Every structure is written in structure tokens, then in C-alpha cells.
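One structure below.
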Amino acid sequence: MGYNFVKLVQRYLPFVAEERLLELYPPWWLMRIKVKSLANHWRQVRIQLPLTWISRNMGGSMFGGFQASLADPIAPLACAKVFPGYQVWTRHLSIDFMRPGATDMELRFDFPAQQEEAIRAELAVRHRSTPTFEYGLYDSHNRLCTRVLCAVAIRPPGYQGKAQDNPSSG
């Protein structure tokens, strides 16, 4: 079993709020994120990603890597909370940097009820699902700067998959 900072802290410091755990997660702690909201059991997520001297590129806007690092695990984390007992990971991530992020950014993720119902139905029949979520990062002027499409693999415990399910297999 690999080292998992969040699970380790939850085990030994169960009184620490989930929002604070995310802020303390080492890669995100260095990015100085601020969890504004984890509403409705991860069905609505709002996280502030500040524009700092470290995150600012030569053009004065936020590095895409900072945005991608924050955006990547959000949909899988939400799916893991909504569908406990399944293995969950990012299957595919597509990021469209539509405009420069020249201010602090806010990641906004919403888990639509209709999509949750469709995933539950697919899990009941196929025991697995690969939904795609669309969300984004917005600047302080409420403009969408970065559009994120994230396909999430939701699989039963012990799932091995087929060759076409595993891009690393030959």
C-alpha cells in the first residue's frame, strides 16, 4: 500500500476538517489553495487558487500547470465521495486555456443530479462507469479562463480491466 497523506492525517487527526486536509495536502499547500466550499457532500466544490510570484508565468498570468494540478483530481475525488466502495481515477483530462488567468482563480465544480443518476444506473448494470465532467477555473471578474473536461474511471474493487482499458499495457 502506498503512502497517502490525506488518509494518514484522517486516521491520526480525525478532528481536522476535510477542507483543511485538502489545503494541507503537500502539493496544494505549496500552491496556497483555499477551499471555499465542499457543499452537498462534494457535489459542489469551490477552491481559490491564488496568483502568486511562484504561480505567475513570464506573461504575468498563472502557469497552466498550477491550474491542471488543481483541476485533475477534483472530479475523481467527488466521485469517490458520491460512490464510496469503488476505485476511482482520472481516465482522461483535457484542459482548454481560453484566456490568461491574470488574477486569483476559482475552480468551480458542480456534480449534476441527472449525471449522478445516470452513473448510478450504469453502475447497477455494468458495475463500472466512465463519465465525463465539465468544469472550470474563473478569474476574479467571473470570466471562464480555463475549461476542464475530465473523464473519470469508476470501477469495482479489484478491477483489472482489459488491454484497451489500460493505456500503459501493450
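A note on labels: chains of the C-alpha cells are A, B, ... as shown, every chain counts residues from 1, and ligands are counted from 1 in their shown order.
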Counting only C-alpha atoms, what is within 8 Å of region 46-52 of chain A, bar same-chain residues fewer than 3 positions away, as a list in words?
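Non-adjacent residues within range: Met31, Arg32, Ile33, Lys34, Val35, Lys36, Ser37, Leu38, Ser55, Arg56, Ser61, Met62, Gln67, Ala102, Thr103, Asp104, Met105, Glu106, Leu107, Arg108 and Phe109 of chain A.
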Need to verify the contact set: Gly101 (chain A), 9 Å, only C-alpha atoms, exclusion of same-chain residues closer than 6 positions in sequence. Can you return it as number ranges by chain?
A: 51, 60-64, 137-139, 145-146
Preceding selection exported with C-alpha atoms as an mmCIF file, in the first residue's frame:
data_model
loop_
_atom_site.group_PDB
_atom_site.id
_atom_site.type_symbol
_atom_site.label_atom_id
_atom_site.label_comp_id
_atom_site.auth_asym_id
_atom_site.auth_seq_id
_atom_site.Cartn_x
_atom_site.Cartn_y
_atom_site.Cartn_z
ATOM 1 C CA LEU A 51 -1.884 34.153 -8.345
ATOM 2 C CA GLY A 60 2.046 37.777 -15.838
ATOM 3 C CA SER A 61 -0.713 35.147 -15.788
ATOM 4 C CA MET A 62 -0.987 31.840 -13.971
ATOM 5 C CA PHE A 63 1.005 28.845 -15.153
ATOM 6 C CA GLY A 64 -1.208 26.221 -16.739
ATOM 7 C CA LEU A 137 -11.413 28.000 -13.393
ATOM 8 C CA TYR A 138 -12.728 31.562 -13.266
ATOM 9 C CA ASP A 139 -10.881 34.824 -12.734
ATOM 10 C CA CYS A 145 -10.453 31.289 -18.190
ATOM 11 C CA THR A 146 -9.830 27.551 -18.188
#
Extract the full set of strand (DSSP E or B) residues from chain A according to DSSP on the backbone, and format it as a ChimeraX atom specification.
/A:34-39,44-49,56,62,87-97,105-110,129,132-138,144-155
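Residue nearest Phe66 (chain A) within the list A:Trp28, A:Phe83, A:His41, A:Val88: A:Trp28 [criterion: smallest interatomic distance, only C-alpha atoms].
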Every residue of region 68-155 of chain A that DSSP places in alpha helix (DSSP H), as an MDAnalysis selection string:
chainID A and resid 68:71 74:82 113:126
For Leu123 (chain A), work out the shell of residues within 10 Å, counting only C-alpha atoms and skipping chain neighbours fewer than 4 positions away, then give it as a VMD selection string.
chain A and resid 83 86 117 to 119 127 to 130 154 to 156
Expected file: the selected residues, N, CA, C and O atoms, as a PDB file, in the first residue's frame:
ATOM      1  N   PHE A  83     -19.748   7.901  -4.668  1.00  0.00           N
ATOM      2  CA  PHE A  83     -19.848   6.458  -4.917  1.00  0.00           C
ATOM      3  C   PHE A  83     -18.789   5.711  -4.100  1.00  0.00           C
ATOM      4  O   PHE A  83     -17.824   5.182  -4.658  1.00  0.00           O
ATOM      5  N   TYR A  86     -15.886   2.174  -4.561  1.00  0.00           N
ATOM      6  CA  TYR A  86     -15.357   1.975  -5.912  1.00  0.00           C
ATOM      7  C   TYR A  86     -13.939   2.530  -5.993  1.00  0.00           C
ATOM      8  O   TYR A  86     -13.581   3.458  -5.272  1.00  0.00           O
ATOM      9  N   GLU A 117     -27.488  10.291 -11.323  1.00  0.00           N
ATOM     10  CA  GLU A 117     -28.476   9.236 -11.562  1.00  0.00           C
ATOM     11  C   GLU A 117     -28.047   8.330 -12.706  1.00  0.00           C
ATOM     12  O   GLU A 117     -28.172   7.100 -12.619  1.00  0.00           O
ATOM     13  N   ALA A 118     -27.545   8.912 -13.794  1.00  0.00           N
ATOM     14  CA  ALA A 118     -27.094   8.123 -14.948  1.00  0.00           C
ATOM     15  C   ALA A 118     -25.915   7.228 -14.564  1.00  0.00           C
ATOM     16  O   ALA A 118     -25.845   6.063 -14.993  1.00  0.00           O
ATOM     17  N   ILE A 119     -24.996   7.736 -13.762  1.00  0.00           N
ATOM     18  CA  ILE A 119     -23.848   6.940 -13.318  1.00  0.00           C
ATOM     19  C   ILE A 119     -24.329   5.789 -12.440  1.00  0.00           C
ATOM     20  O   ILE A 119     -23.901   4.641 -12.607  1.00  0.00           O
ATOM     21  N   HIS A 127     -21.558  -2.331 -13.636  1.00  0.00           N
ATOM     22  CA  HIS A 127     -20.636  -2.358 -12.494  1.00  0.00           C
ATOM     23  C   HIS A 127     -19.416  -1.465 -12.705  1.00  0.00           C
ATOM     24  O   HIS A 127     -18.427  -1.596 -11.991  1.00  0.00           O
ATOM     25  N   ARG A 128     -19.477  -0.593 -13.676  1.00  0.00           N
ATOM     26  CA  ARG A 128     -18.407   0.373 -13.929  1.00  0.00           C
ATOM     27  C   ARG A 128     -18.983   1.515 -14.756  1.00  0.00           C
ATOM     28  O   ARG A 128     -20.027   1.372 -15.396  1.00  0.00           O
ATOM     29  N   SER A 129     -18.289   2.648 -14.733  1.00  0.00           N
ATOM     30  CA  SER A 129     -18.746   3.810 -15.498  1.00  0.00           C
ATOM     31  C   SER A 129     -17.545   4.704 -15.784  1.00  0.00           C
ATOM     32  O   SER A 129     -16.586   4.718 -15.018  1.00  0.00           O
ATOM     33  N   THR A 130     -17.624   5.431 -16.893  1.00  0.00           N
ATOM     34  CA  THR A 130     -16.570   6.384 -17.246  1.00  0.00           C
ATOM     35  C   THR A 130     -17.227   7.705 -17.667  1.00  0.00           C
ATOM     36  O   THR A 130     -17.228   8.065 -18.844  1.00  0.00           O
ATOM     37  N   ILE A 154     -14.681   4.830 -12.895  1.00  0.00           N
ATOM     38  CA  ILE A 154     -15.283   4.351 -11.655  1.00  0.00           C
ATOM     39  C   ILE A 154     -15.403   2.842 -11.816  1.00  0.00           C
ATOM     40  O   ILE A 154     -16.148   2.363 -12.670  1.00  0.00           O
ATOM     41  N   ARG A 155     -14.635   2.094 -11.017  1.00  0.00           N
ATOM     42  CA  ARG A 155     -14.526   0.653 -11.182  1.00  0.00           C
ATOM     43  C   ARG A 155     -14.721  -0.060  -9.846  1.00  0.00           C
ATOM     44  O   ARG A 155     -14.417   0.496  -8.789  1.00  0.00           O
ATOM     45  N   PRO A 156     -15.183  -1.321  -9.885  1.00  0.00           N
ATOM     46  CA  PRO A 156     -15.326  -2.077  -8.636  1.00  0.00           C
ATOM     47  C   PRO A 156     -13.961  -2.412  -8.043  1.00  0.00           C
ATOM     48  O   PRO A 156     -12.951  -2.424  -8.757  1.00  0.00           O
TER      49      PRO A 156
END
Quick one: residues within 10 Å of region 147-153 of chain A, only C-alpha atoms, excluding same-chain residues fewer than 4 positions away - as a short mmCIF file (atom, residue, chain, number, x, y, z; two decimals) with all heavy atoms, in the first residue's frame?
data_model
loop_
_atom_site.label_atom_id
_atom_site.label_comp_id
_atom_site.auth_asym_id
_atom_site.auth_seq_id
_atom_site.Cartn_x
_atom_site.Cartn_y
_atom_site.Cartn_z
N GLN A 67 -2.94 25.28 -12.65
CA GLN A 67 -4.37 25.05 -12.87
C GLN A 67 -4.66 23.57 -13.09
O GLN A 67 -5.61 23.02 -12.53
CB GLN A 67 -4.84 25.87 -14.06
CG GLN A 67 -4.70 27.37 -13.84
CD GLN A 67 -5.02 28.16 -15.07
OE1 GLN A 67 -6.13 28.08 -15.58
NE2 GLN A 67 -4.05 28.91 -15.58
N ALA A 68 -3.83 22.91 -13.90
CA ALA A 68 -4.03 21.49 -14.19
C ALA A 68 -3.86 20.64 -12.93
O ALA A 68 -4.61 19.68 -12.72
CB ALA A 68 -3.07 21.04 -15.28
N ALA A 71 -7.05 21.02 -10.99
CA ALA A 71 -8.23 20.51 -11.69
C ALA A 71 -8.26 18.99 -11.81
O ALA A 71 -9.33 18.37 -11.75
CB ALA A 71 -8.32 21.13 -13.08
N ASP A 72 -7.09 18.37 -11.96
CA ASP A 72 -7.01 16.94 -12.25
C ASP A 72 -7.79 16.06 -11.27
O ASP A 72 -8.62 15.27 -11.68
CB ASP A 72 -5.54 16.52 -12.33
CG ASP A 72 -5.34 15.02 -12.47
OD1 ASP A 72 -6.23 14.33 -12.99
OD2 ASP A 72 -4.27 14.53 -12.07
N PRO A 73 -7.56 16.13 -9.97
CA PRO A 73 -8.21 15.16 -9.08
C PRO A 73 -9.60 15.53 -8.58
O PRO A 73 -10.22 14.76 -7.86
CB PRO A 73 -7.24 15.07 -7.91
CG PRO A 73 -6.65 16.43 -7.84
CD PRO A 73 -6.54 16.90 -9.27
N ILE A 74 -10.12 16.69 -8.94
CA ILE A 74 -11.39 17.15 -8.33
C ILE A 74 -12.57 16.24 -8.69
O ILE A 74 -13.30 15.79 -7.81
CB ILE A 74 -11.67 18.62 -8.70
CG1 ILE A 74 -10.58 19.53 -8.13
CG2 ILE A 74 -13.06 19.05 -8.23
CD1 ILE A 74 -10.42 19.48 -6.63
N ALA A 75 -12.78 15.96 -9.97
CA ALA A 75 -13.90 15.09 -10.36
C ALA A 75 -13.75 13.68 -9.77
O ALA A 75 -14.73 13.13 -9.24
CB ALA A 75 -14.06 15.06 -11.88
N PRO A 76 -12.56 13.06 -9.82
CA PRO A 76 -12.42 11.75 -9.18
C PRO A 76 -12.67 11.79 -7.67
O PRO A 76 -13.29 10.87 -7.12
CB PRO A 76 -10.99 11.34 -9.49
CG PRO A 76 -10.63 12.08 -10.71
CD PRO A 76 -11.37 13.39 -10.61
N LEU A 77 -12.19 12.83 -6.99
CA LEU A 77 -12.45 12.93 -5.55
C LEU A 77 -13.95 13.02 -5.28
O LEU A 77 -14.46 12.38 -4.36
CB LEU A 77 -11.73 14.15 -4.97
CG LEU A 77 -10.23 14.02 -4.77
CD1 LEU A 77 -9.61 15.37 -4.43
CD2 LEU A 77 -9.90 12.99 -3.69
N CYS A 79 -16.37 11.88 -7.19
CA CYS A 79 -16.97 10.56 -7.48
C CYS A 79 -16.68 9.57 -6.36
O CYS A 79 -17.53 8.75 -6.01
CB CYS A 79 -16.46 10.03 -8.81
SG CYS A 79 -17.15 10.88 -10.23
N TYR A 86 -15.89 2.17 -4.56
CA TYR A 86 -15.36 1.97 -5.91
C TYR A 86 -13.94 2.53 -5.99
O TYR A 86 -13.58 3.46 -5.27
CB TYR A 86 -16.23 2.69 -6.96
CG TYR A 86 -17.53 1.98 -7.24
CD1 TYR A 86 -18.67 2.28 -6.49
CD2 TYR A 86 -17.62 1.02 -8.24
CE1 TYR A 86 -19.86 1.63 -6.74
CE2 TYR A 86 -18.81 0.37 -8.48
CZ TYR A 86 -19.93 0.67 -7.73
OH TYR A 86 -21.12 0.03 -7.98
N GLN A 87 -13.16 1.98 -6.89
CA GLN A 87 -11.87 2.56 -7.24
C GLN A 87 -12.17 3.68 -8.24
O GLN A 87 -12.97 3.50 -9.15
CB GLN A 87 -10.95 1.54 -7.91
CG GLN A 87 -10.54 0.40 -7.02
CD GLN A 87 -9.68 -0.60 -7.78
OE1 GLN A 87 -9.64 -0.63 -8.99
NE2 GLN A 87 -8.99 -1.44 -7.02
N VAL A 88 -11.53 4.82 -8.06
CA VAL A 88 -11.82 5.98 -8.90
C VAL A 88 -10.51 6.66 -9.28
O VAL A 88 -9.64 6.84 -8.44
CB VAL A 88 -12.74 6.98 -8.16
CG1 VAL A 88 -13.07 8.17 -9.04
CG2 VAL A 88 -14.01 6.30 -7.68
N TRP A 89 -10.37 7.03 -10.55
CA TRP A 89 -9.19 7.75 -11.01
C TRP A 89 -9.51 8.56 -12.26
O TRP A 89 -10.52 8.33 -12.92
CB TRP A 89 -8.01 6.82 -11.25
CG TRP A 89 -8.17 5.82 -12.36
CD1 TRP A 89 -7.87 6.01 -13.68
CD2 TRP A 89 -8.69 4.50 -12.28
NE1 TRP A 89 -8.15 4.88 -14.42
CE2 TRP A 89 -8.66 3.93 -13.57
CE3 TRP A 89 -9.18 3.72 -11.22
CZ2 TRP A 89 -9.10 2.64 -13.85
CZ3 TRP A 89 -9.63 2.43 -11.50
CH2 TRP A 89 -9.57 1.91 -12.79
N THR A 90 -8.64 9.50 -12.58
CA THR A 90 -8.79 10.27 -13.81
C THR A 90 -8.41 9.38 -14.98
O THR A 90 -7.32 8.82 -15.03
CB THR A 90 -7.85 11.51 -13.79
OG1 THR A 90 -8.22 12.34 -12.71
CG2 THR A 90 -7.97 12.30 -15.10
N ARG A 91 -9.32 9.23 -15.92
CA ARG A 91 -9.08 8.42 -17.12
C ARG A 91 -8.51 9.29 -18.23
O ARG A 91 -7.64 8.88 -18.97
CB ARG A 91 -10.40 7.79 -17.56
CG ARG A 91 -10.33 6.94 -18.76
CD ARG A 91 -9.94 5.52 -18.36
NE ARG A 91 -10.17 4.64 -19.47
CZ ARG A 91 -9.20 4.25 -20.29
NH1 ARG A 91 -7.98 4.63 -20.11
NH2 ARG A 91 -9.49 3.46 -21.30
N HIS A 92 -9.04 10.51 -18.35
CA HIS A 92 -8.58 11.45 -19.38
C HIS A 92 -8.86 12.87 -18.90
O HIS A 92 -9.91 13.14 -18.34
CB HIS A 92 -9.32 11.19 -20.69
CG HIS A 92 -8.93 12.13 -21.78
ND1 HIS A 92 -7.80 11.97 -22.54
CD2 HIS A 92 -9.51 13.26 -22.23
CE1 HIS A 92 -7.71 12.96 -23.42
NE2 HIS A 92 -8.73 13.75 -23.24
N LEU A 93 -7.90 13.76 -19.12
CA LEU A 93 -8.06 15.15 -18.73
C LEU A 93 -7.75 16.03 -19.92
O LEU A 93 -6.71 15.88 -20.55
CB LEU A 93 -7.12 15.49 -17.57
CG LEU A 93 -7.25 16.88 -16.97
CD1 LEU A 93 -8.56 17.02 -16.20
CD2 LEU A 93 -6.08 17.17 -16.03
N SER A 94 -8.66 16.92 -20.23
CA SER A 94 -8.46 17.88 -21.33
C SER A 94 -8.67 19.28 -20.76
O SER A 94 -9.67 19.55 -20.10
CB SER A 94 -9.48 17.60 -22.44
OG SER A 94 -9.41 18.59 -23.43
N ILE A 95 -7.70 20.14 -21.03
CA ILE A 95 -7.77 21.50 -20.50
C ILE A 95 -7.64 22.48 -21.65
O ILE A 95 -6.72 22.40 -22.46
CB ILE A 95 -6.66 21.74 -19.46
CG1 ILE A 95 -6.85 20.76 -18.30
CG2 ILE A 95 -6.66 23.17 -18.98
CD1 ILE A 95 -5.84 20.89 -17.20
N ASP A 96 -8.57 23.43 -21.70
CA ASP A 96 -8.57 24.48 -22.71
C ASP A 96 -8.32 25.81 -22.00
O ASP A 96 -9.18 26.30 -21.28
CB ASP A 96 -9.92 24.50 -23.45
CG ASP A 96 -9.98 25.52 -24.55
OD1 ASP A 96 -8.96 26.20 -24.83
OD2 ASP A 96 -11.07 25.66 -25.15
N PHE A 97 -7.13 26.36 -22.21
CA PHE A 97 -6.78 27.66 -21.62
C PHE A 97 -7.34 28.73 -22.54
O PHE A 97 -6.72 29.13 -23.51
CB PHE A 97 -5.26 27.78 -21.45
CG PHE A 97 -4.68 26.72 -20.56
CD1 PHE A 97 -3.99 25.64 -21.08
CD2 PHE A 97 -4.85 26.79 -19.18
CE1 PHE A 97 -3.45 24.67 -20.26
CE2 PHE A 97 -4.33 25.81 -18.34
CZ PHE A 97 -3.62 24.75 -18.89
N MET A 98 -8.55 29.19 -22.23
CA MET A 98 -9.31 30.09 -23.09
C MET A 98 -8.83 31.54 -23.02
O MET A 98 -8.89 32.26 -24.00
CB MET A 98 -10.79 29.99 -22.75
CG MET A 98 -11.32 28.57 -22.92
SD MET A 98 -12.93 28.31 -22.18
CE MET A 98 -13.92 29.48 -23.06
N ARG A 99 -8.41 31.96 -21.84
CA ARG A 99 -7.89 33.32 -21.64
C ARG A 99 -6.89 33.28 -20.50
O ARG A 99 -6.95 32.40 -19.65
CB ARG A 99 -9.02 34.32 -21.37
CG ARG A 99 -9.71 34.17 -20.05
CD ARG A 99 -10.68 35.31 -19.68
NE ARG A 99 -11.21 36.09 -20.73
CZ ARG A 99 -12.44 35.99 -21.24
NH1 ARG A 99 -13.27 35.11 -20.73
NH2 ARG A 99 -12.84 36.77 -22.19
N LEU A 107 -11.67 27.56 -8.87
CA LEU A 107 -12.15 26.34 -9.51
C LEU A 107 -13.60 26.14 -9.09
O LEU A 107 -13.91 26.21 -7.89
CB LEU A 107 -11.30 25.14 -9.07
CG LEU A 107 -11.72 23.84 -9.73
CD1 LEU A 107 -10.51 23.05 -10.18
CD2 LEU A 107 -12.60 23.01 -8.81
N PHE A 109 -16.65 23.39 -9.55
CA PHE A 109 -17.09 22.06 -9.98
C PHE A 109 -18.48 21.82 -9.44
O PHE A 109 -18.74 22.04 -8.25
CB PHE A 109 -16.14 20.98 -9.44
CG PHE A 109 -16.64 19.58 -9.66
CD1 PHE A 109 -16.38 18.92 -10.84
CD2 PHE A 109 -17.35 18.93 -8.67
CE1 PHE A 109 -16.84 17.62 -11.04
CE2 PHE A 109 -17.82 17.63 -8.86
CZ PHE A 109 -17.56 16.98 -10.05
N ARG A 128 -19.48 -0.59 -13.68
CA ARG A 128 -18.41 0.37 -13.93
C ARG A 128 -18.98 1.51 -14.76
O ARG A 128 -20.03 1.37 -15.40
CB ARG A 128 -17.22 -0.26 -14.64
CG ARG A 128 -17.57 -0.78 -16.00
CD ARG A 128 -16.41 -1.48 -16.65
NE ARG A 128 -16.38 -1.04 -18.05
CZ ARG A 128 -15.34 -1.05 -18.81
NH1 ARG A 128 -14.19 -1.47 -18.35
NH2 ARG A 128 -15.39 -0.64 -20.03
N SER A 129 -18.29 2.65 -14.73
CA SER A 129 -18.75 3.81 -15.50
C SER A 129 -17.55 4.70 -15.78
O SER A 129 -16.59 4.72 -15.02
CB SER A 129 -19.80 4.59 -14.69
OG SER A 129 -20.30 5.68 -15.43
N THR A 130 -17.62 5.43 -16.89
CA THR A 130 -16.57 6.38 -17.25
C THR A 130 -17.23 7.70 -17.67
O THR A 130 -17.23 8.07 -18.84
CB THR A 130 -15.67 5.83 -18.37
OG1 THR A 130 -15.24 4.52 -18.02
CG2 THR A 130 -14.43 6.71 -18.56
N PRO A 131 -17.80 8.43 -16.71
CA PRO A 131 -18.45 9.70 -17.03
C PRO A 131 -17.43 10.81 -17.29
O PRO A 131 -16.30 10.75 -16.83
CB PRO A 131 -19.26 10.01 -15.78
CG PRO A 131 -18.45 9.38 -14.68
CD PRO A 131 -17.87 8.12 -15.28
N THR A 132 -17.87 11.81 -18.04
CA THR A 132 -17.05 12.99 -18.28
C THR A 132 -17.71 14.19 -17.62
O THR A 132 -18.91 14.40 -17.77
CB THR A 132 -16.87 13.24 -19.80
OG1 THR A 132 -16.19 12.11 -20.36
CG2 THR A 132 -16.06 14.50 -20.06
N PHE A 133 -16.91 14.96 -16.90
CA PHE A 133 -17.38 16.15 -16.21
C PHE A 133 -16.76 17.38 -16.86
O PHE A 133 -15.61 17.36 -17.27
CB PHE A 133 -16.97 16.11 -14.74
CG PHE A 133 -17.60 14.99 -13.97
CD1 PHE A 133 -17.02 13.74 -13.94
CD2 PHE A 133 -18.80 15.20 -13.29
CE1 PHE A 133 -17.61 12.70 -13.24
CE2 PHE A 133 -19.40 14.18 -12.60
CZ PHE A 133 -18.81 12.91 -12.57
N GLU A 134 -17.54 18.45 -16.92
CA GLU A 134 -17.04 19.73 -17.41
C GLU A 134 -17.10 20.74 -16.27
O GLU A 134 -18.13 20.89 -15.61
CB GLU A 134 -17.87 20.24 -18.58
CG GLU A 134 -17.36 21.54 -19.15
CD GLU A 134 -18.10 22.00 -20.40
OE1 GLU A 134 -18.80 21.19 -21.02
OE2 GLU A 134 -17.97 23.20 -20.72
N TYR A 135 -15.99 21.40 -16.02
CA TYR A 135 -15.92 22.44 -15.00
C TYR A 135 -14.86 23.44 -15.40
O TYR A 135 -14.32 23.35 -16.51
CB TYR A 135 -15.70 21.86 -13.59
CG TYR A 135 -14.62 20.83 -13.44
CD1 TYR A 135 -13.41 21.14 -12.82
CD2 TYR A 135 -14.81 19.51 -13.85
CE1 TYR A 135 -12.43 20.19 -12.64
CE2 TYR A 135 -13.83 18.55 -13.67
CZ TYR A 135 -12.64 18.90 -13.06
OH TYR A 135 -11.67 17.94 -12.88
N GLY A 136 -14.58 24.41 -14.55
CA GLY A 136 -13.64 25.43 -14.99
C GLY A 136 -13.01 26.22 -13.87
O GLY A 136 -13.38 26.09 -12.70
N LEU A 137 -12.06 27.04 -14.28
CA LEU A 137 -11.41 28.00 -13.39
C LEU A 137 -11.77 29.39 -13.89
O LEU A 137 -11.64 29.70 -15.08
CB LEU A 137 -9.90 27.80 -13.38
CG LEU A 137 -9.47 26.56 -12.59
CD1 LEU A 137 -8.98 25.49 -13.53
CD2 LEU A 137 -8.41 26.90 -11.59
N TYR A 138 -12.23 30.22 -12.96
CA TYR A 138 -12.73 31.56 -13.27
C TYR A 138 -11.83 32.61 -12.62
O TYR A 138 -11.34 32.41 -11.51
CB TYR A 138 -14.16 31.71 -12.74
CG TYR A 138 -15.15 30.83 -13.45
CD1 TYR A 138 -15.22 29.46 -13.18
CD2 TYR A 138 -16.01 31.35 -14.41
CE1 TYR A 138 -16.12 28.64 -13.85
CE2 TYR A 138 -16.91 30.54 -15.08
CZ TYR A 138 -16.95 29.18 -14.79
OH TYR A 138 -17.84 28.37 -15.46
N ASP A 165 -8.61 -0.93 -21.78
CA ASP A 165 -8.90 -0.06 -20.64
C ASP A 165 -7.64 0.50 -20.01
O ASP A 165 -7.69 1.46 -19.29
CB ASP A 165 -9.66 -0.84 -19.55
CG ASP A 165 -11.10 -1.10 -19.93
OD1 ASP A 165 -11.60 -0.42 -20.84
OD2 ASP A 165 -11.72 -1.99 -19.31
#
